[in-house]
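Asks: Data file start10.txt (compact mmCIF, C-alpha atoms) is appended below.
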# COMPACT_ATOMS: atom_id res chain seq x y z
CA MET A 503 0.00 0.00 0.00
CA THR A 504 2.94 2.35 0.61
CA PRO A 505 3.96 3.82 -2.75
CA ALA A 506 7.66 4.01 -1.90
CA ALA A 507 9.63 2.48 0.96
CA PRO A 508 10.86 5.17 3.34
CA ALA A 509 14.23 4.96 5.07
CA TYR A 510 12.68 2.86 7.82
CA ARG A 511 10.53 -0.03 6.72
CA ARG A 512 6.87 0.73 7.19
CA LEU A 513 4.78 -2.44 7.18
CA SER A 514 1.17 -2.74 6.06
CA VAL A 515 -1.31 -4.04 8.61
CA GLU A 516 -1.22 -7.48 7.00
CA GLU A 517 2.57 -7.56 6.87
CA ARG A 518 2.83 -6.46 10.50
CA ARG A 519 0.30 -9.04 11.57
CA SER A 520 2.10 -11.80 9.77
CA GLN A 521 5.45 -10.61 11.18
CA LEU A 522 4.03 -10.86 14.72
CA LEU A 523 2.55 -14.30 14.02
CA ASP A 524 5.87 -15.51 12.66
CA ALA A 525 7.66 -14.24 15.75
CA ALA A 526 5.06 -15.89 18.00
CA LEU A 527 5.19 -19.14 16.07
CA THR A 528 8.99 -19.24 16.33
CA LEU A 529 8.75 -18.69 20.09
CA PHE A 530 5.99 -21.27 20.52
CA ALA A 531 8.13 -23.59 18.43
CA HIS A 532 10.85 -23.58 21.05
CA ARG A 533 8.94 -23.10 24.28
CA LEU A 534 5.64 -24.16 25.74
CA PRO A 535 2.95 -21.51 25.25
CA GLU A 536 2.84 -20.90 29.00
CA ASP A 537 6.52 -19.91 28.90
CA VAL A 538 6.02 -17.29 26.16
CA SER A 539 5.07 -13.76 27.19
CA LEU A 540 3.85 -10.89 25.02
CA ASP A 541 7.12 -9.13 25.94
CA ASP A 542 9.01 -12.01 24.36
CA VAL A 543 6.95 -11.70 21.20
CA ALA A 544 7.47 -7.92 21.07
CA GLU A 545 11.20 -8.38 21.56
CA ALA A 546 11.47 -11.14 18.94
CA ALA A 547 9.59 -8.99 16.42
CA GLY A 548 11.56 -5.86 17.35
CA VAL A 549 8.42 -3.90 18.20
CA SER A 550 6.88 -2.44 21.33
CA ARG A 551 4.58 -4.37 23.63
CA PRO A 552 1.69 -1.91 23.03
CA LEU A 553 1.96 -2.58 19.32
CA VAL A 554 1.53 -6.33 19.94
CA TYR A 555 -1.56 -5.50 22.00
CA ARG A 556 -2.89 -3.23 19.27
CA TYR A 557 -2.84 -6.19 16.86
CA PHE A 558 -3.90 -8.78 19.42
CA PRO A 559 -6.02 -6.98 22.01
CA GLY A 560 -7.07 -10.37 23.41
CA GLY A 561 -3.48 -10.83 24.59
CA LYS A 562 -1.61 -14.09 24.66
CA GLN A 563 -4.61 -16.36 24.18
CA GLN A 564 -5.61 -14.52 21.01
CA LEU A 565 -2.04 -14.45 19.72
CA TYR A 566 -1.61 -18.14 20.49
CA GLU A 567 -4.79 -19.06 18.66
CA ALA A 568 -3.88 -16.86 15.70
CA ALA A 569 -0.43 -18.48 15.57
CA LEU A 570 -2.07 -21.92 15.73
CA ARG A 571 -4.47 -21.00 12.95
CA SER A 572 -1.58 -19.74 10.85
CA ALA A 573 0.31 -23.00 11.51
CA ALA A 574 -2.83 -24.95 10.66
CA GLU A 575 -3.13 -23.03 7.40
CA GLU A 576 0.52 -23.78 6.60
CA LEU A 577 -0.09 -27.46 7.37
CA ARG A 578 -3.13 -27.53 5.08
CA LEU A 579 -0.97 -26.15 2.27
CA CYS A 580 1.40 -29.11 2.77
CA PHE A 581 -1.43 -31.44 1.77
CA ASP A 582 -2.12 -29.55 -1.46
CA GLU A 583 -0.84 -31.78 -4.18
CA PRO A 584 -1.97 -31.86 -7.82
CA GLN A 585 -3.98 -34.95 -8.70
CA ASP A 586 -1.57 -35.97 -11.48
CA GLY A 587 0.39 -39.15 -11.86
CA PRO A 588 0.39 -42.25 -9.68
CA LEU A 589 -1.17 -42.03 -6.24
CA LEU A 590 1.61 -43.17 -3.93
CA PRO A 591 4.23 -40.65 -5.16
CA ARG A 592 1.62 -37.92 -4.68
CA LEU A 593 1.03 -38.95 -1.09
CA ALA A 594 4.78 -39.25 -0.57
CA ARG A 595 5.29 -35.64 -1.75
CA ALA A 596 2.55 -34.39 0.61
CA LEU A 597 4.13 -36.39 3.42
CA ASP A 598 7.53 -34.85 2.61
CA ARG A 599 6.09 -31.37 2.96
CA TYR A 600 4.30 -32.35 6.17
CA LEU A 601 7.50 -33.78 7.69
CA GLY A 602 9.33 -30.62 6.60
CA PHE A 603 6.79 -28.61 8.58
CA VAL A 604 7.23 -30.91 11.60
CA ALA A 605 11.03 -30.55 11.42
CA ARG A 606 10.83 -26.77 11.06
CA HIS A 607 8.44 -26.18 13.94
CA ASP A 608 9.77 -28.92 16.19
CA ALA A 609 8.80 -28.19 19.82
CA GLY A 610 5.95 -25.94 18.68
CA PHE A 611 4.53 -28.84 16.70
CA SER A 612 4.72 -31.10 19.78
CA ALA A 613 3.06 -28.47 21.97
CA LEU A 614 0.37 -27.99 19.33
CA LEU A 615 -0.50 -31.68 19.17
CA GLN A 616 0.11 -32.81 22.69
CA GLY A 617 -2.10 -30.29 24.42
CA GLY A 618 -1.57 -30.02 28.11
CA SER A 619 -0.78 -26.36 27.75
CA VAL A 620 -2.33 -23.79 30.05
CA VAL A 621 -3.90 -22.09 27.06
CA GLU A 622 -5.30 -25.27 25.58
CA THR A 623 -9.03 -24.82 25.09
CA SER A 624 -11.76 -26.47 23.10
CA ARG A 625 -11.08 -23.79 20.45
CA THR A 626 -7.41 -24.72 20.04
CA THR A 627 -8.38 -28.41 19.99
CA ALA A 628 -10.88 -27.60 17.22
CA ILE A 629 -8.09 -25.98 15.16
CA VAL A 630 -5.96 -29.14 15.41
CA ASP A 631 -8.96 -31.35 14.64
CA GLY A 632 -9.64 -29.20 11.59
CA VAL A 633 -6.17 -29.99 10.26
CA ARG A 634 -6.77 -33.71 10.83
CA ARG A 635 -10.06 -33.53 8.98
CA SER A 636 -8.41 -31.64 6.16
CA ALA A 637 -5.68 -34.28 5.89
CA ALA A 638 -8.33 -37.01 5.70
CA GLU A 639 -10.31 -35.11 3.03
CA HIS A 640 -7.18 -34.71 0.93
CA ILE A 641 -6.48 -38.42 1.17
CA TYR A 642 -10.05 -39.39 0.13
CA SER A 643 -9.82 -36.99 -2.75
CA HIS A 644 -6.50 -38.45 -3.95
CA LEU A 645 -7.94 -41.93 -3.51
CA GLY A 646 -10.75 -40.73 -5.81
CA VAL A 647 -13.43 -41.55 -3.23
CA ALA A 648 -16.33 -39.11 -2.99
CA ASP A 649 -18.19 -40.97 -0.26
CA PRO A 650 -15.82 -42.93 2.00
CA GLY A 651 -17.56 -45.61 4.07
CA PRO A 652 -17.00 -46.09 7.80
CA ARG A 653 -14.24 -48.71 7.47
CA LEU A 654 -12.23 -46.66 5.00
CA ARG A 655 -12.68 -43.53 7.10
CA MET A 656 -11.58 -45.28 10.25
CA THR A 657 -8.52 -46.70 8.49
CA VAL A 658 -7.46 -43.32 7.10
CA ARG A 659 -7.99 -41.55 10.43
CA MET A 660 -6.08 -44.27 12.29
CA TRP A 661 -3.20 -43.86 9.89
CA ILE A 662 -3.25 -40.07 10.38
CA ALA A 663 -3.15 -40.61 14.16
CA ALA A 664 -0.24 -43.02 13.70
CA VAL A 665 1.61 -40.46 11.54
CA GLU A 666 1.11 -37.82 14.24
CA ALA A 667 2.46 -40.18 16.88
CA ALA A 668 5.41 -41.01 14.63
CA SER A 669 6.11 -37.30 14.12
CA LEU A 670 6.23 -36.63 17.85
CA ILE A 671 8.46 -39.65 18.51
CA TRP A 672 10.66 -38.66 15.56
CA LEU A 673 11.21 -35.20 17.10
CA ASP A 674 11.86 -36.81 20.50
CA GLU A 675 14.50 -39.04 18.95
CA GLY A 676 16.44 -36.21 17.32
CA LYS A 677 14.80 -36.74 13.91
CA GLU A 678 15.88 -40.36 13.59
CA PRO A 679 15.42 -42.26 11.29
CA PRO A 680 16.31 -39.91 8.38
CA VAL A 681 13.26 -38.18 6.96
CA GLU A 682 13.27 -40.13 3.68
CA GLU A 683 13.25 -43.43 5.52
CA LEU A 684 10.45 -42.27 7.83
CA ARG A 685 8.42 -41.13 4.83
CA ASP A 686 8.82 -44.45 3.00
CA TRP A 687 8.04 -46.39 6.15
CA LEU A 688 4.84 -44.39 6.75
CA MET A 689 3.81 -44.95 3.13
CA GLU A 690 4.35 -48.69 3.51
CA GLN A 691 2.21 -48.67 6.63
CA PHE A 692 -0.50 -46.80 4.73
CA VAL A 693 -0.59 -49.49 2.07
CA ALA A 694 -0.44 -52.25 4.71
CA VAL A 695 -3.37 -50.98 6.79
CA LEU A 696 -5.48 -50.31 3.68
CA THR A 697 -4.72 -53.85 2.56
CA VAL A 698 -5.88 -55.23 5.92
CA THR A 699 -9.10 -53.24 5.67
CA ALA A 700 -9.59 -54.39 2.07
CA ALA A 701 -10.28 -57.91 3.38
CA ARG A 702 -13.23 -56.51 5.40
CA ASP A 703 -14.55 -53.76 3.14
CA PRO A 704 -15.42 -53.91 -0.59
CA GLN A 705 -14.88 -50.15 -1.10
CA THR A 706 -11.34 -50.37 0.28
CA ALA A 707 -10.74 -53.57 -1.70
CA ASP A 708 -11.58 -51.71 -4.94
CA LEU A 709 -9.21 -48.92 -3.99
CA VAL A 710 -6.34 -51.23 -3.16
CA ARG A 711 -6.85 -53.05 -6.46
CA ASP A 712 -7.19 -49.91 -8.60
CA ALA A 713 -5.54 -46.87 -7.08
CA LEU A 714 -2.70 -48.52 -5.20
CA SER A 715 -1.69 -51.16 -7.69
CA SER A 716 -1.59 -48.68 -10.60
CA ALA A 717 0.78 -46.60 -8.49
CA ASP A 718 3.30 -49.36 -7.89
CA MET B 832 -11.80 -50.92 60.26
CA THR B 833 -15.34 -50.75 61.76
CA PRO B 834 -15.85 -53.91 63.85
CA ALA B 835 -19.61 -54.16 63.16
CA ALA B 836 -21.79 -52.36 60.67
CA PRO B 837 -24.26 -50.04 62.43
CA ALA B 838 -27.81 -49.57 61.20
CA TYR B 839 -26.62 -46.91 58.73
CA ARG B 840 -23.68 -47.87 56.58
CA ARG B 841 -20.52 -46.21 57.85
CA LEU B 842 -17.78 -46.26 55.20
CA SER B 843 -14.08 -46.40 55.88
CA VAL B 844 -11.98 -43.54 54.52
CA GLU B 845 -10.84 -45.72 51.63
CA GLU B 846 -14.35 -46.90 50.84
CA ARG B 847 -15.70 -43.36 50.96
CA ARG B 848 -12.90 -42.10 48.73
CA SER B 849 -13.50 -44.78 46.18
CA GLN B 850 -17.27 -44.17 46.32
CA LEU B 851 -16.68 -40.48 45.51
CA LEU B 852 -14.24 -41.34 42.70
CA ASP B 853 -16.77 -43.77 41.21
CA ALA B 854 -19.46 -41.10 41.31
CA ALA B 855 -17.10 -38.54 39.74
CA LEU B 856 -15.96 -40.98 37.06
CA THR B 857 -19.55 -41.79 36.15
CA LEU B 858 -20.31 -38.08 35.84
CA PHE B 859 -17.14 -37.35 33.84
CA ALA B 860 -18.07 -40.33 31.68
CA HIS B 861 -21.24 -38.60 30.50
CA ARG B 862 -20.32 -34.92 30.60
CA LEU B 863 -17.28 -32.82 29.93
CA PRO B 864 -15.30 -32.09 33.11
CA GLU B 865 -16.22 -28.40 32.85
CA ASP B 866 -19.90 -29.35 33.06
CA VAL B 867 -19.49 -31.33 36.28
CA SER B 868 -19.73 -29.47 39.59
CA LEU B 869 -18.83 -30.68 43.07
CA ASP B 870 -22.54 -30.41 43.88
CA ASP B 871 -23.23 -32.92 41.13
CA VAL B 872 -20.65 -35.30 42.58
CA ALA B 873 -22.08 -34.89 46.10
CA GLU B 874 -25.59 -35.55 44.81
CA ALA B 875 -24.55 -38.57 42.75
CA ALA B 876 -22.75 -40.06 45.76
CA GLY B 877 -25.60 -39.16 48.14
CA VAL B 878 -23.34 -37.15 50.44
CA SER B 879 -22.96 -33.50 51.39
CA ARG B 880 -20.84 -31.03 49.46
CA PRO B 881 -18.61 -30.36 52.53
CA LEU B 882 -17.84 -34.08 52.71
CA VAL B 883 -16.64 -34.04 49.08
CA TYR B 884 -14.41 -31.09 50.01
CA ARG B 885 -13.12 -32.91 53.08
CA TYR B 886 -11.87 -35.72 50.83
CA PHE B 887 -10.80 -33.49 47.97
CA PRO B 888 -9.84 -30.13 49.51
CA GLY B 889 -8.31 -29.13 46.16
CA GLY B 890 -11.84 -29.07 44.72
CA LYS B 891 -12.80 -30.11 41.24
CA GLN B 892 -9.29 -30.12 39.80
CA GLN B 893 -8.10 -32.54 42.49
CA LEU B 894 -11.19 -34.72 42.15
CA TYR B 895 -10.83 -34.75 38.36
CA GLU B 896 -7.19 -35.78 38.56
CA ALA B 897 -7.95 -38.44 41.16
CA ALA B 898 -10.76 -39.78 38.95
CA LEU B 899 -8.38 -39.79 35.97
CA ARG B 900 -5.75 -41.62 37.98
CA SER B 901 -8.31 -44.16 39.07
CA ALA B 902 -9.42 -44.60 35.42
CA ALA B 903 -5.77 -44.89 34.41
CA GLU B 904 -5.28 -47.59 37.04
CA GLU B 905 -8.34 -49.44 35.74
CA LEU B 906 -6.97 -49.18 32.19
CA ARG B 907 -3.60 -50.54 33.30
CA LEU B 908 -5.38 -53.55 34.80
CA CYS B 909 -6.93 -54.21 31.36
CA PHE B 910 -3.44 -54.79 29.99
CA ASP B 911 -2.58 -57.36 32.67
CA GLU B 912 -2.60 -60.67 30.90
CA PRO B 913 -0.74 -63.82 31.91
CA GLN B 914 2.17 -64.66 29.61
CA ASP B 915 0.79 -68.09 28.76
CA GLY B 916 -0.12 -69.50 25.41
CA PRO B 917 0.22 -67.97 21.97
CA LEU B 918 0.90 -64.24 21.72
CA LEU B 919 -1.93 -63.00 19.51
CA PRO B 920 -4.79 -64.44 21.62
CA ARG B 921 -3.17 -62.83 24.67
CA LEU B 922 -3.13 -59.42 22.99
CA ALA B 923 -6.69 -59.99 21.78
CA ARG B 924 -7.86 -60.65 25.35
CA ALA B 925 -6.15 -57.48 26.60
CA LEU B 926 -7.69 -55.55 23.71
CA ASP B 927 -11.13 -56.97 24.62
CA ARG B 928 -10.79 -55.67 28.16
CA TYR B 929 -9.54 -52.30 26.88
CA LEU B 930 -12.49 -51.97 24.48
CA GLY B 931 -14.81 -52.95 27.33
CA PHE B 932 -13.38 -50.06 29.33
CA VAL B 933 -13.85 -47.70 26.37
CA ALA B 934 -17.47 -48.83 25.93
CA ARG B 935 -18.23 -48.49 29.65
CA HIS B 936 -16.76 -45.01 30.05
CA ASP B 937 -17.79 -43.70 26.64
CA ALA B 938 -17.88 -39.86 26.73
CA GLY B 939 -15.53 -39.81 29.72
CA PHE B 940 -12.99 -41.78 27.74
CA SER B 941 -13.25 -39.31 24.84
CA ALA B 942 -12.87 -36.33 27.18
CA LEU B 943 -9.90 -38.03 28.82
CA LEU B 944 -8.06 -38.57 25.53
CA GLN B 945 -9.12 -35.61 23.50
CA GLY B 946 -8.08 -32.92 25.92
CA GLY B 947 -9.55 -29.54 25.25
CA SER B 948 -11.12 -29.51 28.66
CA VAL B 949 -10.86 -26.48 30.92
CA VAL B 950 -9.17 -28.57 33.56
CA GLU B 951 -6.67 -30.14 31.16
CA THR B 952 -3.18 -29.50 32.48
CA SER B 953 0.26 -30.93 31.95
CA ARG B 954 -0.47 -33.18 34.97
CA THR B 955 -3.59 -34.70 33.42
CA THR B 956 -1.70 -35.13 30.15
CA ALA B 957 1.03 -36.94 32.08
CA ILE B 958 -1.54 -39.38 33.50
CA VAL B 959 -2.77 -40.25 30.01
CA ASP B 960 0.80 -40.56 28.72
CA GLY B 961 1.54 -42.90 31.62
CA VAL B 962 -1.22 -45.22 30.43
CA ARG B 963 0.19 -45.16 26.89
CA ARG B 964 3.64 -46.01 28.21
CA SER B 965 2.21 -48.80 30.31
CA ALA B 966 0.40 -50.23 27.26
CA ALA B 967 3.66 -50.16 25.29
CA GLU B 968 5.59 -51.83 28.14
CA HIS B 969 3.01 -54.62 28.33
CA ILE B 970 3.29 -55.20 24.60
CA TYR B 971 7.12 -55.38 24.70
CA SER B 972 6.90 -57.78 27.58
CA HIS B 973 4.43 -60.06 25.75
CA LEU B 974 6.63 -59.85 22.67
CA GLY B 975 9.45 -61.07 24.93
CA VAL B 976 11.61 -58.03 24.15
CA ALA B 977 13.61 -56.61 27.04
CA ASP B 978 15.27 -53.85 25.06
CA PRO B 979 13.08 -52.66 22.15
CA GLY B 980 14.98 -50.70 19.51
CA PRO B 981 13.77 -47.39 18.07
CA ARG B 982 11.94 -48.89 15.08
CA LEU B 983 10.05 -51.43 17.13
CA ARG B 984 9.19 -48.79 19.73
CA MET B 985 7.93 -46.39 17.10
CA THR B 986 5.82 -49.13 15.50
CA VAL B 987 4.22 -50.15 18.79
CA ARG B 988 3.52 -46.55 19.83
CA MET B 989 2.06 -45.74 16.40
CA TRP B 990 -0.24 -48.72 16.71
CA ILE B 991 -1.32 -47.61 20.21
CA ALA B 992 -2.09 -44.14 18.81
CA ALA B 993 -4.08 -45.75 15.99
CA VAL B 994 -6.01 -47.86 18.52
CA GLU B 995 -6.84 -44.73 20.51
CA ALA B 996 -8.05 -42.98 17.38
CA ALA B 997 -10.11 -46.05 16.46
CA SER B 998 -11.65 -46.10 19.96
CA LEU B 999 -12.76 -42.48 19.70
CA ILE B 1000 -14.19 -42.96 16.20
CA TRP B 1001 -15.88 -46.16 17.34
CA LEU B 1002 -17.65 -44.29 20.15
CA ASP B 1003 -18.57 -41.51 17.70
CA GLU B 1004 -20.12 -44.05 15.37
CA GLY B 1005 -22.34 -45.64 18.01
CA LYS B 1006 -19.92 -48.54 18.64
CA GLU B 1007 -19.88 -49.74 15.06
CA PRO B 1008 -18.43 -52.11 13.88
CA PRO B 1009 -19.27 -54.72 16.59
CA VAL B 1010 -16.57 -54.95 19.22
CA GLU B 1011 -15.34 -58.41 18.13
CA GLU B 1012 -14.83 -57.19 14.56
CA LEU B 1013 -13.03 -54.06 15.74
CA ARG B 1014 -10.77 -56.17 17.96
CA ASP B 1015 -9.86 -58.59 15.15
CA TRP B 1016 -9.30 -55.71 12.75
CA LEU B 1017 -6.97 -53.94 15.20
CA MET B 1018 -5.05 -57.19 15.73
CA GLU B 1019 -4.65 -57.61 11.97
CA GLN B 1020 -3.30 -54.07 11.74
CA PHE B 1021 -0.87 -54.83 14.53
CA VAL B 1022 0.52 -57.79 12.62
CA ALA B 1023 0.55 -55.80 9.36
CA VAL B 1024 2.51 -52.83 10.71
CA LEU B 1025 4.98 -55.09 12.51
CA THR B 1026 5.47 -56.97 9.26
CA VAL B 1027 6.17 -53.69 7.44
CA THR B 1028 8.72 -52.73 10.07
CA ALA B 1029 10.28 -56.21 9.92
CA ALA B 1030 11.59 -55.38 6.43
CA ARG B 1031 13.53 -52.44 7.93
CA ASP B 1032 14.53 -53.76 11.34
CA PRO B 1033 16.19 -57.10 12.25
CA GLN B 1034 14.80 -57.08 15.81
CA THR B 1035 11.23 -56.77 14.52
CA ALA B 1036 11.96 -59.34 11.81
CA ASP B 1037 12.96 -61.87 14.51
CA LEU B 1038 9.77 -61.14 16.42
CA VAL B 1039 7.52 -61.50 13.41
CA ARG B 1040 9.21 -64.81 12.57
CA ASP B 1041 9.14 -66.23 16.10
CA ALA B 1042 6.44 -64.69 18.27
CA LEU B 1043 3.81 -63.93 15.65
CA SER B 1044 4.11 -67.02 13.49
CA SER B 1045 3.95 -69.39 16.48
CA ALA B 1046 0.71 -67.67 17.46
CA ASP B 1047 -1.02 -68.20 14.17
Would you mind giving the structure from this file in structure tokens?

Replies:
Amino acid sequence: MTPAAPAYRRLSVEERRSQLLDAALTLFAHRLPEDVSLDDVAEAAGVSRPLVYRYFPGGKQQLYEAALRSAAEELRLCFDEPQDGPLLPRLARALDRYLGFVARHDAGFSALLQGGSVVETSRTTAIVDGVRRSAAEHIYSHLGVADPGPRLRMTVRMWIAAVEAASLIWLDEGKEPPVEELRDWLMEQFVAVLTVTAARDPQTADLVRDALSSAD
Amino acid sequence: MTPAAPAYRRLSVEERRSQLLDAALTLFAHRLPEDVSLDDVAEAAGVSRPLVYRYFPGGKQQLYEAALRSAAEELRLCFDEPQDGPLLPRLARALDRYLGFVARHDAGFSALLQGGSVVETSRTTAIVDGVRRSAAEHIYSHLGVADPGPRLRMTVRMWIAAVEAASLIWLDEGKEPPVEELRDWLMEQFVAVLTVTAARDPQTADLVRDALSSAD
């Protein structure tokens, strides 16, 4: 909106907001939310505390939720993958981006998923659940299923829960095994659990026969 | 401790405590913790509010944590299974007891695992994590593994996370599929994910060859 940059950098409202969210996210990524103060955020962003309050008058809870929502949005973008080419490489690319996000945000990702924070509320839980739902929707869409039945849905959501658990353990273990191995291993588990469900569910059986075999 | 029961039933401290915990657990099982008051607990137990406070001077938070710990203890007992006979039927029996617990506590189990409650704290999270650790330890012990390596540990903990997710979805879907089918399906997934890991990990490969095949 500013026609020419003055000597000092003047940020637009949106730029300032996203600068503060980035600073908050970086802090939440390395400390539990309860250990982050608005002073810390102001200092990390190189702005005054009143300015942080001007953007987030609800204080830390509002900032935390906004940072979570911004992280959730970033996570959703990870799942965006064109529906071209064989299925498994598509899922593998989405998983690569997801694991990149996990590696980048590290402790913040753990805090986000594990709850137990003093500012955990049903609203923050809803944000995380929204990301899980979005991940599941992306998977159904790549599987080419418009109306997933209960057994397929349960299988996909179980695998998503297992991937989350793996991500947390992976961070705990200093990002071992290497990310490529973890990604391949998770993909193999995806195929394995779908194959198990295929024996109990015709819809999943069709998928395993069509979508997964054509991707091998 | 009372030598003879008087006309009205006088409970020992331990009996009274466990009566209050049972009442609280039943309430937490059907409502979110934030919707349960100490008055509700007193009424459900048929005692006065001051008596609830005498046993739980920390109020609702203390009662909630004590009820969680008691539920956690009950869950741990589900995993107790003699190390006799083939492995898979042993795990299936433990899983049956676990799913029985899930079915009995229903909404309380969801609230316990999903967090997002106003009284969720790092202490309540630690209680739930303790149950997960205990489940994993029981599985290693039934697998006959004293020192599980990172790949086996990750596989077991991913499966536990998947079982938790399945339990929550199962409750959401009115306990469909029938419990026996869910149990068999979860067992099949256990074998499938261990088999996937076996291709990457010699320790798991030994297990799959010895423990799982002898149980078939």

Asks: In Å, rounded to a single decimal, give me how far atom CA of B:Gly931 is from atom CA of B:Ala873.

Replies: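 For atom CA of B:Ala873 relative to atom CA of B:Gly931, the distance reads 27.0 Å.
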
Asks: Pull out every residue of chain B sitting within 10 Å of chain A, counting only C-alpha atoms, and send them as a VMD selection string.

Replies: chain B and resid 945 to 957 960 981 to 982 984 to 1001 1004 1007 to 1008 1012 to 1013 1016 to 1017 1019 to 1028 1030 to 1031

Asks: Give me, please, the distance in Å between atom CA of B:Ser972 and atom CA of B:Phe910, quoted to one decimal.

Replies: 11.0 Å

Asks: Atom CA of A:His644 to atom CA of A:Pro591: how many Å, to one decimal?

Replies: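 Interatomic distance here is 11.0 Å.
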
Asks: Counting all atoms listed in the file, what is within 7 Å of stretch 879-883 of chain B, bar same-chain residues fewer than 4 positions away, as a list of chain:residue names?

Replies: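 The filter keeps B:Leu869, B:Asp870, B:Ala873, B:Phe887.
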
Asks: Measuring atom to atom with only C-alpha atoms, identify which of A:Leu577, A:His532, A:Asp712, A:Leu645 is nearest to A:Phe603.

Replies: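 That would be A:Leu577, the residue with the smallest distance to A:Phe603.
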
Asks: From the set A:Glu639, A:Pro704, A:Ser520, A:Leu597, which residue has the shortest atom-to-atom contact distance to A:Arg685, counting all atoms listed in the file?

Replies: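 Of A:Glu639, A:Pro704, A:Ser520, A:Leu597, the one nearest A:Arg685, counting all atoms listed in the file, is A:Leu597.
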
Asks: Point out the residue among B:Asp915, B:Asp871, B:Glu865, B:Asp937 with the least atom-to-atom distance to B:Lys1006, counting only C-alpha atoms.

Replies: B:Asp937

Asks: From the set B:Ala934, B:Ala875, B:Val962, B:Ala923, which residue has the shortest atom-to-atom contact distance to B:Leu899, counting only C-alpha atoms?

Replies: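 That would be B:Val962, the residue with the smallest distance to B:Leu899.
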
Asks: Nearest to A:Ala700: which of A:Leu654, A:Leu590, A:Ala713, A:Gly632 is it, counting only C-alpha atoms?

Replies: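 Using only C-alpha atoms, A:Ala700 sits closest to A:Leu654.
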